[in-house]
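Peer 1: Just so it is clear, I am handing over work_28.txt, which has compact mmCIF, C-alpha atoms.
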# COMPACT_ATOMS: atom_id res chain seq x y z
CA MET T 1 -36.43 -55.85 15.56
CA ALA T 2 -35.15 -52.42 16.62
CA LEU T 3 -36.60 -49.46 14.83
CA THR T 4 -34.75 -47.24 12.34
CA ASP T 5 -35.69 -43.89 10.86
CA ALA T 6 -36.23 -45.58 7.52
CA SER T 7 -38.59 -48.20 8.97
CA ILE T 8 -40.52 -45.54 10.86
CA ARG T 9 -40.97 -43.47 7.67
CA ASN T 10 -42.44 -46.55 6.00
CA LYS T 11 -45.11 -47.02 8.67
CA LYS T 12 -48.40 -45.86 7.18
CA PRO T 13 -51.62 -45.10 9.08
CA THR T 14 -54.50 -47.58 9.01
CA GLU T 15 -58.11 -47.46 10.13
CA LYS T 16 -57.02 -48.56 13.57
CA GLN T 17 -54.00 -47.45 15.56
CA TYR T 18 -51.17 -49.95 15.95
CA LYS T 19 -47.89 -50.40 17.81
CA VAL T 20 -44.38 -51.00 16.54
CA SER T 21 -41.93 -52.15 19.24
CA ASP T 22 -38.35 -50.96 19.61
CA ALA T 23 -36.76 -52.38 22.79
CA GLY T 24 -36.94 -52.13 26.56
CA GLY T 25 -40.64 -51.30 26.58
CA LEU T 26 -40.30 -48.44 24.08
CA TYR T 27 -42.70 -48.54 21.14
CA LEU T 28 -44.15 -46.33 18.43
CA LEU T 29 -47.92 -45.84 18.33
CA VAL T 30 -49.15 -45.05 14.80
CA LYS T 31 -52.53 -43.27 14.85
CA PRO T 32 -55.14 -43.27 12.05
CA SER T 33 -54.46 -39.57 11.68
CA GLY T 34 -50.87 -40.34 10.72
CA ALA T 35 -49.38 -39.15 14.02
CA LYS T 36 -46.52 -41.30 15.31
CA LEU T 37 -46.15 -41.21 19.08
CA TRP T 38 -43.52 -42.56 21.43
CA ARG T 39 -44.78 -44.64 24.35
CA LEU T 40 -42.99 -46.48 27.14
CA LYS T 41 -44.54 -49.53 28.80
CA TYR T 42 -43.33 -50.27 32.34
CA ARG T 43 -44.37 -51.84 35.64
CA ILE T 44 -44.35 -50.48 39.20
CA ASP T 45 -45.67 -52.60 42.08
CA GLY T 46 -46.74 -55.27 39.61
CA LYS T 47 -49.04 -52.92 37.71
CA GLU T 48 -48.53 -52.12 34.05
CA ASN T 49 -48.33 -48.46 33.09
CA VAL T 50 -47.74 -46.47 29.91
CA PHE T 51 -45.82 -43.19 29.75
CA ALA T 52 -46.34 -40.84 26.79
CA ILE T 53 -42.86 -39.61 25.87
CA GLY T 54 -43.89 -37.46 22.92
CA GLU T 55 -44.21 -37.32 19.16
CA TYR T 56 -41.72 -38.81 16.69
CA CYS T 57 -39.72 -36.50 14.43
CA GLU T 58 -36.81 -37.17 12.11
CA ALA T 59 -33.41 -35.96 13.25
CA PRO T 60 -32.81 -32.49 11.79
CA ARG T 61 -29.74 -32.22 9.60
CA ALA T 62 -28.46 -29.03 11.29
CA GLU T 63 -29.61 -28.05 14.76
CA THR T 64 -28.04 -26.30 17.74
CA ALA T 65 -28.27 -27.68 21.26
CA ALA T 66 -30.60 -24.80 22.19
CA ASP T 67 -32.90 -25.59 19.25
CA ALA T 68 -32.99 -29.26 20.29
CA THR T 69 -33.94 -28.29 23.84
CA ILE T 70 -36.78 -26.11 22.56
CA ARG T 71 -37.99 -28.89 20.24
CA LYS T 72 -38.05 -31.48 23.01
CA ALA T 73 -39.83 -29.02 25.29
CA SER T 74 -42.58 -28.95 22.66
CA GLY T 75 -42.82 -32.78 22.85
CA ARG T 76 -41.04 -33.84 19.63
CA TYR T 77 -38.33 -36.53 19.95
CA THR T 78 -36.05 -38.23 17.43
CA LEU T 79 -35.49 -41.99 17.65
CA ALA T 80 -32.18 -41.52 19.48
CA GLU T 81 -33.75 -39.03 21.93
CA ALA T 82 -36.67 -41.37 22.62
CA ARG T 83 -34.21 -44.09 23.55
CA GLN T 84 -32.33 -41.68 25.82
CA GLU T 85 -35.59 -40.74 27.48
CA ARG T 86 -36.39 -44.44 27.92
CA GLU T 87 -33.13 -44.96 29.83
CA ARG T 88 -33.75 -41.89 31.98
CA CYS T 89 -37.23 -43.12 32.83
CA LYS T 90 -35.93 -46.56 33.75
CA GLY T 91 -33.75 -44.94 36.41
CA LEU T 92 -36.89 -43.35 37.91
CA ILE T 93 -38.89 -46.55 37.65
CA ARG T 94 -36.22 -48.48 39.56
CA HIS T 95 -36.82 -46.05 42.44
CA GLY T 96 -40.59 -46.47 42.22
CA ILE T 97 -41.14 -43.07 40.56
CA HIS T 98 -43.66 -42.78 37.74
CA PRO T 99 -42.14 -40.80 34.84
CA ALA T 100 -45.42 -38.90 34.42
CA HIS T 101 -45.29 -37.78 38.07
CA ASN T 102 -41.67 -36.72 37.62
CA ARG T 103 -42.60 -34.71 34.53
CA LYS T 104 -45.34 -32.86 36.45
CA ALA T 105 -42.91 -32.12 39.28
CA ASP T 106 -40.35 -30.76 36.80
CA ALA T 107 -43.02 -28.63 35.14
CA ALA T 108 -44.08 -27.22 38.52
CA LYS T 109 -40.45 -26.48 39.34
CA ARG T 110 -39.92 -24.68 36.03
CA SER T 111 -43.12 -22.72 36.57
CA ALA T 112 -41.95 -21.66 40.02
CA GLU T 113 -38.54 -20.67 38.66
CA ASN T 114 -40.13 -18.62 35.89
CA ALA T 115 -42.28 -16.86 38.52
CA ASN T 116 -39.18 -16.25 40.65
CA THR T 117 -37.32 -14.14 38.16
CA PHE T 118 -34.47 -11.92 39.32
CA GLU T 119 -36.69 -8.85 38.99
CA ALA T 120 -39.57 -10.43 40.94
CA VAL T 121 -37.27 -11.42 43.82
CA ALA T 122 -35.49 -8.04 43.69
CA ARG T 123 -38.75 -6.11 43.99
CA GLU T 124 -39.82 -8.34 46.87
CA TRP T 125 -36.49 -7.61 48.58
CA ILE T 126 -36.99 -3.87 47.99
CA ALA T 127 -40.47 -4.03 49.52
CA LYS T 128 -39.04 -5.74 52.62
CA LYS T 129 -36.29 -3.15 52.99
CA THR T 130 -38.29 -0.01 52.20
CA PRO T 131 -39.46 0.69 55.80
CA GLY T 132 -35.83 1.04 56.86
CA TRP T 133 -34.72 3.22 53.95
CA THR T 134 -35.01 6.92 53.26
CA ALA T 135 -37.08 7.97 50.25
CA TYR T 136 -33.88 9.13 48.54
CA TYR T 137 -32.13 5.79 49.00
CA LEU T 138 -35.20 3.90 47.77
CA ARG T 139 -35.28 6.00 44.59
CA GLN T 140 -31.56 5.39 44.12
CA VAL T 141 -31.91 1.59 44.39
CA GLU T 142 -34.93 1.43 42.09
CA ARG T 143 -33.47 3.81 39.51
CA PHE T 144 -30.17 1.96 39.05
CA LEU T 145 -31.69 -1.53 39.10
CA GLU T 146 -34.32 -0.53 36.54
CA ALA T 147 -31.76 1.16 34.27
CA ASP T 148 -28.75 -1.14 34.58
CA VAL T 149 -29.87 -4.58 35.78
CA PHE T 150 -33.48 -5.52 34.99
CA PRO T 151 -33.16 -4.99 31.19
CA TYR T 152 -30.43 -7.65 31.10
CA ILE T 153 -31.29 -10.29 33.73
CA GLY T 154 -34.63 -9.20 35.16
CA SER T 155 -36.64 -11.80 33.23
CA LEU T 156 -34.27 -14.71 34.01
CA PRO T 157 -35.14 -17.20 36.78
CA ILE T 158 -32.93 -16.12 39.66
CA ARG T 159 -31.33 -19.58 39.84
CA ASN T 160 -30.15 -19.13 36.25
CA VAL T 161 -28.33 -15.84 36.90
CA THR T 162 -24.57 -16.41 37.07
CA ALA T 163 -21.52 -14.46 38.16
CA ALA T 164 -20.73 -13.97 34.45
CA HIS T 165 -24.08 -12.19 33.93
CA LEU T 166 -23.38 -9.87 36.86
CA LEU T 167 -19.77 -9.22 35.86
CA GLU T 168 -20.91 -8.07 32.42
CA ILE T 169 -23.41 -5.68 34.03
CA VAL T 170 -21.01 -4.09 36.53
CA ARG T 171 -18.26 -3.75 33.91
CA ARG T 172 -20.71 -2.03 31.57
CA ILE T 173 -21.53 0.45 34.37
CA GLU T 174 -17.85 0.95 35.24
CA GLY T 175 -17.10 1.48 31.55
CA ARG T 176 -19.26 4.59 31.44
CA GLY T 177 -17.28 6.08 34.32
CA ALA T 178 -19.68 5.19 37.15
CA ALA T 179 -17.50 2.91 39.28
CA SER T 180 -19.33 3.92 42.47
CA VAL T 181 -22.65 2.87 40.93
CA ALA T 182 -21.09 -0.43 39.81
CA LEU T 183 -20.02 -1.13 43.38
CA LEU T 184 -23.51 -0.35 44.68
CA VAL T 185 -25.15 -2.57 42.06
CA ARG T 186 -22.88 -5.47 43.02
CA GLN T 187 -23.72 -4.96 46.71
CA TRP T 188 -27.46 -4.79 46.00
CA ALA T 189 -27.32 -7.88 43.78
CA SER T 190 -25.51 -9.74 46.56
CA ALA T 191 -28.18 -8.72 49.06
CA ILE T 192 -30.92 -9.84 46.66
CA PHE T 193 -29.28 -13.25 46.24
CA ARG T 194 -28.83 -13.66 49.99
CA TYR T 195 -32.54 -12.92 50.38
CA ALA T 196 -33.31 -15.48 47.65
CA VAL T 197 -31.17 -18.09 49.44
CA ALA T 198 -32.94 -17.36 52.73
CA THR T 199 -36.33 -17.83 51.03
CA LEU T 200 -35.22 -21.07 49.28
CA ARG T 201 -35.25 -19.61 45.77
CA ALA T 202 -31.50 -19.68 45.18
CA ASP T 203 -28.66 -21.85 46.42
CA THR T 204 -25.73 -19.44 46.26
CA ASP T 205 -24.82 -15.77 45.92
CA PRO T 206 -22.89 -15.43 42.63
CA ALA T 207 -22.39 -11.70 43.28
CA SER T 208 -20.07 -12.50 46.20
CA ALA T 209 -17.54 -13.88 43.69
CA LEU T 210 -17.22 -10.39 42.16
CA LYS T 211 -15.71 -8.71 45.22
CA GLY T 212 -12.66 -6.85 43.99
CA ALA T 213 -13.72 -6.98 40.35
CA ILE T 214 -14.48 -3.24 40.37
CA HIS T 215 -11.79 -0.73 41.27
CA ARG T 216 -13.02 1.35 44.17
CA PRO T 217 -12.63 5.04 43.27
CA LYS T 218 -10.81 7.32 45.65
CA ILE T 219 -13.30 9.00 47.97
CA GLU T 220 -13.26 12.76 47.71
CA HIS T 221 -14.54 14.15 50.98
CA HIS T 222 -16.59 17.31 50.97
CA LYS T 223 -14.26 20.27 51.21
CA PRO T 224 -14.67 22.44 54.33
CA LEU T 225 -14.47 26.21 54.29
CA SER T 226 -11.61 27.96 56.04
CA ARG T 227 -12.30 30.72 58.56
CA ASP T 228 -11.71 33.39 55.94
CA GLN T 229 -13.94 31.57 53.48
CA VAL T 230 -16.75 31.34 56.05
CA GLY T 231 -16.58 35.11 56.39
CA ASP T 232 -16.55 35.51 52.62
CA PHE T 233 -19.51 33.16 52.34
CA VAL T 234 -21.65 35.04 54.88
CA LYS T 235 -20.88 38.38 53.21
CA ALA T 236 -21.59 36.96 49.75
CA LEU T 237 -24.86 35.55 51.03
CA ASP T 238 -25.90 38.92 52.44
CA SER T 239 -25.50 40.47 48.99
CA TYR T 240 -26.96 37.55 47.01
CA GLY T 241 -29.76 38.67 44.70
CA GLY T 242 -31.67 35.37 44.55
CA TYR T 243 -34.77 34.21 46.41
CA ARG T 244 -34.77 35.12 50.09
CA THR T 245 -35.82 31.55 50.99
CA THR T 246 -32.67 30.21 49.28
CA VAL T 247 -30.54 32.65 51.28
CA ILE T 248 -32.18 31.50 54.52
CA ALA T 249 -31.70 27.85 53.56
CA LEU T 250 -27.97 28.30 52.99
CA ARG T 251 -27.54 30.31 56.20
CA LEU T 252 -29.36 27.58 58.14
CA MET T 253 -27.10 24.96 56.53
CA LEU T 254 -24.13 26.78 58.03
CA LEU T 255 -25.79 27.26 61.42
CA THR T 256 -27.26 23.77 61.87
CA PHE T 257 -24.87 21.65 59.71
CA VAL T 258 -27.57 19.05 59.06
CA ARG T 259 -27.53 16.97 55.88
CA THR T 260 -28.86 18.73 52.80
CA VAL T 261 -31.81 16.38 52.42
CA GLU T 262 -32.77 16.89 56.07
CA LEU T 263 -33.00 20.66 55.62
CA ARG T 264 -34.72 20.62 52.24
CA GLY T 265 -37.36 18.13 53.41
CA ALA T 266 -38.05 19.85 56.74
CA HIS T 267 -41.70 20.37 57.73
CA TRP T 268 -43.01 23.16 59.90
CA THR T 269 -44.44 20.57 62.30
CA GLU T 270 -40.85 19.65 63.23
CA ILE T 271 -39.97 23.20 64.34
CA ASP T 272 -40.61 24.47 67.87
CA LEU T 273 -39.56 28.11 67.94
CA ASP T 274 -40.57 28.58 71.58
CA ARG T 275 -38.26 25.79 72.71
CA ALA T 276 -35.68 26.66 70.03
CA GLU T 277 -35.62 23.06 68.82
CA TRP T 278 -35.89 21.25 65.53
CA ARG T 279 -36.89 17.60 65.96
CA ILE T 280 -36.27 15.53 62.83
CA PRO T 281 -38.22 12.24 62.80
CA ALA T 282 -36.41 8.94 62.31
CA GLU T 283 -37.85 8.26 58.88
CA ARG T 284 -36.07 11.34 57.49
CA MET T 285 -32.69 10.56 59.04
CA LYS T 286 -29.94 8.58 57.34
CA MET T 287 -29.44 6.40 60.42
CA ARG T 288 -33.20 6.02 60.95
CA GLU T 289 -33.08 7.53 64.43
CA PRO T 290 -34.83 10.76 65.54
CA HIS T 291 -32.51 13.74 65.86
CA ILE T 292 -32.72 16.97 67.83
CA VAL T 293 -31.14 20.17 66.52
CA PRO T 294 -30.85 22.92 69.19
CA LEU T 295 -31.51 26.24 67.46
CA SER T 296 -29.30 29.23 68.09
CA ARG T 297 -30.75 32.69 68.47
CA GLN T 298 -29.70 33.45 64.89
CA ALA T 299 -31.40 30.31 63.59
CA VAL T 300 -34.63 31.16 65.40
CA GLU T 301 -34.58 34.66 63.88
CA LEU T 302 -34.15 33.20 60.38
CA LEU T 303 -36.94 30.66 60.90
CA THR T 304 -39.25 33.36 62.25
CA GLU T 305 -38.66 35.36 59.08
CA LEU T 306 -39.03 32.25 56.91
CA LYS T 307 -42.43 31.58 58.46
CA THR T 308 -43.72 34.81 56.91
CA HIS T 309 -42.77 33.39 53.50
CA THR T 310 -43.68 29.69 53.72
CA GLY T 311 -45.49 29.26 57.04
CA GLY T 312 -48.70 28.38 55.20
CA ARG T 313 -47.03 25.45 53.47
CA SER T 314 -46.09 22.01 54.76
CA PHE T 315 -42.41 22.34 53.82
CA LEU T 316 -40.11 25.03 55.14
CA PHE T 317 -38.60 25.20 51.67
CA PRO T 318 -41.22 24.21 49.08
CA ASN T 319 -40.31 23.78 45.44
CA TYR T 320 -41.30 26.92 43.51
CA ARG T 321 -42.58 24.95 40.53
CA ASN T 322 -44.34 22.27 42.57
CA PRO T 323 -45.09 23.42 46.16
CA GLN T 324 -46.23 19.90 47.07
CA THR T 325 -42.56 18.86 46.96
CA CYS T 326 -39.49 20.35 48.61
CA MET T 327 -36.62 22.42 47.27
CA THR T 328 -34.08 20.48 45.19
CA ALA T 329 -30.39 20.10 46.05
CA THR T 330 -29.64 21.76 42.72
CA THR T 331 -31.18 25.00 44.00
CA LEU T 332 -28.63 25.26 46.81
CA ASN T 333 -25.64 24.30 44.69
CA ARG T 334 -26.64 26.68 41.89
CA ALA T 335 -26.79 29.52 44.42
CA LEU T 336 -23.31 28.56 45.66
CA GLU T 337 -22.14 28.53 42.04
CA ARG T 338 -23.48 32.02 41.42
CA MET T 339 -21.69 33.23 44.54
CA GLY T 340 -18.44 31.73 43.27
CA PHE T 341 -18.13 28.85 45.76
CA ASN T 342 -19.07 25.99 43.43
CA GLY T 343 -18.58 25.11 39.77
CA LYS T 344 -15.70 25.71 37.38
CA ASP T 345 -12.80 27.87 38.58
CA SER T 346 -14.13 27.86 42.16
CA ILE T 347 -13.02 26.30 45.46
CA GLY T 348 -15.33 23.36 44.70
CA PHE T 349 -17.54 23.80 47.76
CA SER T 350 -20.98 22.16 47.81
CA ALA T 351 -23.92 22.33 50.22
CA HIS T 352 -22.75 19.10 51.87
CA GLY T 353 -19.52 20.81 52.86
CA PHE T 354 -21.13 22.78 55.71
CA ARG T 355 -20.98 19.65 57.88
CA ALA T 356 -17.27 19.22 57.24
CA THR T 357 -16.73 22.92 57.91
CA ALA T 358 -18.42 22.83 61.32
CA SER T 359 -16.87 19.49 62.29
CA THR T 360 -13.35 20.65 61.40
CA MET T 361 -13.52 23.97 63.25
CA LEU T 362 -15.35 22.68 66.33
CA ASN T 363 -12.79 19.90 66.73
CA GLU T 364 -9.94 22.40 66.30
CA LEU T 365 -11.57 24.49 69.05
CA SER T 366 -11.45 21.51 71.44
CA PHE T 367 -15.14 20.78 71.78
CA ARG T 368 -15.62 17.22 72.93
CA SER T 369 -15.68 14.91 69.91
CA GLU T 370 -18.65 12.91 71.23
CA VAL T 371 -20.70 16.12 71.49
CA ILE T 372 -19.81 17.10 67.90
CA GLU T 373 -20.50 13.59 66.58
CA ARG T 374 -23.84 13.49 68.35
CA GLN T 375 -24.84 16.81 66.80
CA LEU T 376 -23.74 15.56 63.38
CA ALA T 377 -26.05 12.56 63.92
CA HIS T 378 -23.32 10.12 63.04
CA ALA T 379 -23.98 6.44 63.67
CA GLU T 380 -23.48 5.27 67.24
CA ARG T 381 -21.38 2.12 67.17
CA ASN T 382 -22.68 0.98 70.53
CA LYS T 383 -26.24 -0.03 69.60
CA VAL T 384 -27.45 -0.25 73.22
CA ARG T 385 -26.10 3.20 73.96
CA ALA T 386 -27.68 4.52 70.74
CA THR T 387 -31.12 3.72 72.11
CA TYR T 388 -30.69 6.20 74.94
CA ASN T 389 -28.53 8.97 73.51
CA GLN T 390 -31.06 11.13 71.66
CA GLY T 391 -30.97 13.75 74.41
CA GLU T 392 -27.33 13.06 75.30
CA TYR T 393 -25.07 16.10 75.86
CA MET T 394 -28.06 18.34 75.16
CA GLU T 395 -26.91 21.26 77.31
CA GLU T 396 -23.41 21.12 75.82
CA ARG T 397 -24.91 20.90 72.34
CA ARG T 398 -27.13 23.95 72.95
CA ALA T 399 -24.16 25.96 74.14
CA MET T 400 -21.99 24.74 71.25
CA MET T 401 -24.60 25.61 68.63
CA GLN T 402 -25.02 29.14 70.00
CA GLN T 403 -21.28 29.70 70.20
CA TRP T 404 -20.88 28.35 66.66
CA ALA T 405 -23.51 30.83 65.40
CA ASN T 406 -21.77 33.67 67.20
CA LEU T 407 -18.44 32.65 65.69
CA THR T 408 -19.82 32.62 62.13
CA ASP T 409 -21.10 36.16 62.71
CA GLU T 410 -17.67 37.27 63.90
CA MET T 411 -15.93 35.61 60.95
CA ALA T 412 -18.08 37.73 58.64
CA LYS T 413 -16.68 40.91 60.21
CA SER T 414 -13.37 41.06 58.36
CA GLU T 415 -12.30 44.21 60.16
CA ASN T 416 -12.45 42.48 63.55
CA LYS T 417 -10.18 39.80 64.93
CA VAL T 418 -12.14 36.62 65.58
CA THR T 419 -12.27 35.79 69.27
CA PRO T 420 -11.56 32.13 70.03
CA ILE T 421 -14.86 30.48 70.73
CA LYS T 422 -13.83 28.89 74.03
CA GLN T 423 -12.57 32.23 75.27
CA ALA T 424 -15.84 33.84 74.30
CA ALA T 425 -17.74 31.18 76.18
CA ALA T 426 -15.69 31.85 79.28
Turn this file's structure into structure tokens for me.

Peer 2:
Amino acid sequence: MALTDASIRNKKPTEKQYKVSDAGGLYLLVKPSGAKLWRLKYRIDGKENVFAIGEYCEAPRAETAADATIRKASGRYTLAEARQERERCKGLIRHGIHPAHNRKADAAKRSAENANTFEAVAREWIAKKTPGWTAYYLRQVERFLEADVFPYIGSLPIRNVTAAHLLEIVRRIEGRGAASVALLVRQWASAIFRYAVATLRADTDPASALKGAIHRPKIEHHKPLSRDQVGDFVKALDSYGGYRTTVIALRLMLLTFVRTVELRGAHWTEIDLDRAEWRIPAERMKMREPHIVPLSRQAVELLTELKTHTGGRSFLFPNYRNPQTCMTATTLNRALERMGFNGKDSIGFSAHGFRATASTMLNELSFRSEVIERQLAHAERNKVRATYNQGEYMEERRAMMQQWANLTDEMAKSENKVTPIKQAAA
């Protein structure tokens, strides 16, 4: 006779354990201790086996699906659930699979999934990518993932993370006015999932479904200085009352038009004053390729003076509070603010704008675009050509850098008419 909850409640323990059959090989084992356990008897290859389903419990009156899942995970099954488990096991048995073996495989899978959380896979992806990233970019990736992503989905198995999880995260970021960060987070999440797919820990990339979900903000390019403003800048710099090293840094930004991080992180070992060259190693460049900056006479003079201030340090521009690190970008922009070039009620010029200034004027003056682009260290689209172009156009670049330095000097002399740079070269 099939079991009922009422009949099971009436089963009392005895000195010896005993069985009470239900149907289809399912039975209840009543132990002397009073425990009531579900067992399933079955045969594979003619041999009788017994599978321990779990412990009997009465059906709760009010229970959510999540609570039921947790209860069954702890090994407690109602009568109806034991019968469902019996039918599931029969499907395995028909294929020659022992239910106990299947349970162990499922447990191993769950354990692996719990070990492969989103955060664990993300940090592994970061470790793989780090050799090709700048220190700044690495800090940026880690900072935003730790602040905006890991607290919400970091502990979830990566297979359990859905597009809905990610959409909530990027919309939260966009909602605080950081749409650019939201776009980056979506891109990084997509890269993490692609890595997980490649390493067999995920099947799809749910982040790819979110393309277009975040409105891309209009890019505001760094404003260049006009000719008159370059002259004003040089004169303002000459009368600036701040640290002399900050003055030299800003003047070198104008003369070399490197990226801010490349100047601030420069080491004295990169500078060859005799050859008038600054060789920036690949690991400090955005495009991860070494870069040569020909130094004008004016740049060499500034570096020679700077050496009397910081020549005993590793960095050209050490941080005043912590000399083991380099000058911060804030230092340069604050100086520009004090001179009236940055901040409220100003022209909105930042230290990054020196590159745009040089690029704009040198192109207007008909220097070859490939020479300018090479000196700006922009990415070479032809990857084969990029391997050989480090010294490309070097003589033209040396001449251009000297003529550019001469022109900035002339622009600072407001009483004189600026001579066109090509005419001066002739």

Peer 1: Check the smallest atom-to-atom distance from each of T:Leu316, T:Leu167, T:Ala329, T:Ile271 to Ser350 (chain T) using only C-alpha atoms, then report the winner.

Peer 2: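 Smallest distance to Ser350 (chain T) is found for T:Ala329.
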
Peer 1: Could you check which of T:Gly353, T:Asp232, T:Thr204, T:Thr308 is closest to Val258 (chain T), using only C-alpha atoms?

Peer 2: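 For Val258 (chain T), the nearest of the given residues is T:Gly353.
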
Peer 1: Please tell me which residues are no farther than 12 Å from (-31.5, 27.7, 43.2) in the file, counting only C-alpha atoms, and write them as a ChimeraX atom specification.

Peer 2: /T:240-250,264,317-321,327-339,351

Peer 1: Neighbours of Asn160 (chain T) within 12 Å (only C-alpha atoms; same-chain residues fewer than 4 positions away dropped), as a list in words?

Peer 2: Arg110, Glu113, Asn114, Asn116, Thr117, Phe118, Ile153, Gly154, Ser155, Leu156, Ala164, His165, Leu166, Phe193, Arg201, Ala202, Asp203, Thr204, Asp205 and Pro206 of chain T

Peer 1: Those same residues - C-alpha atoms - I'd like them written as an mmCIF file, keeping the file's coordinate frame.

Peer 2:
data_model
loop_
_atom_site.group_PDB
_atom_site.id
_atom_site.type_symbol
_atom_site.label_atom_id
_atom_site.label_comp_id
_atom_site.auth_asym_id
_atom_site.auth_seq_id
_atom_site.Cartn_x
_atom_site.Cartn_y
_atom_site.Cartn_z
ATOM 1 C CA ARG T 110 -39.920 -24.680 36.030
ATOM 2 C CA GLU T 113 -38.540 -20.670 38.660
ATOM 3 C CA ASN T 114 -40.130 -18.620 35.890
ATOM 4 C CA ASN T 116 -39.180 -16.250 40.650
ATOM 5 C CA THR T 117 -37.320 -14.140 38.160
ATOM 6 C CA PHE T 118 -34.470 -11.920 39.320
ATOM 7 C CA ILE T 153 -31.290 -10.290 33.730
ATOM 8 C CA GLY T 154 -34.630 -9.200 35.160
ATOM 9 C CA SER T 155 -36.640 -11.800 33.230
ATOM 10 C CA LEU T 156 -34.270 -14.710 34.010
ATOM 11 C CA ALA T 164 -20.730 -13.970 34.450
ATOM 12 C CA HIS T 165 -24.080 -12.190 33.930
ATOM 13 C CA LEU T 166 -23.380 -9.870 36.860
ATOM 14 C CA PHE T 193 -29.280 -13.250 46.240
ATOM 15 C CA ARG T 201 -35.250 -19.610 45.770
ATOM 16 C CA ALA T 202 -31.500 -19.680 45.180
ATOM 17 C CA ASP T 203 -28.660 -21.850 46.420
ATOM 18 C CA THR T 204 -25.730 -19.440 46.260
ATOM 19 C CA ASP T 205 -24.820 -15.770 45.920
ATOM 20 C CA PRO T 206 -22.890 -15.430 42.630
#

Peer 1: What's the 12 Å shell around Ile126 (chain T), counting only C-alpha atoms, without same-chain residues fewer than 5 positions away, as an NGL selection string?

Peer 2: :T and (119-121 or 131-133 or 137-143 or 145 or 188-189 or 191-192 or 195)

Peer 1: Out of T:Lys36, T:Arg288, T:Arg103, T:Arg94, which residue has the shortest atom-to-atom distance to Ile8 (chain T) when counting all atoms listed in the file?

Peer 2: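 Ranked by minimum distance to Ile8 (chain T), first place goes to T:Lys36.
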
Peer 1: Figure out the distance between CA of Arg398 (chain T) and CA of Pro294 (chain T), please, to one decimal in Å.

Peer 2: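 Straight-line distance from CA of Pro294 (chain T) to CA of Arg398 (chain T) works out to 5.4 Å.
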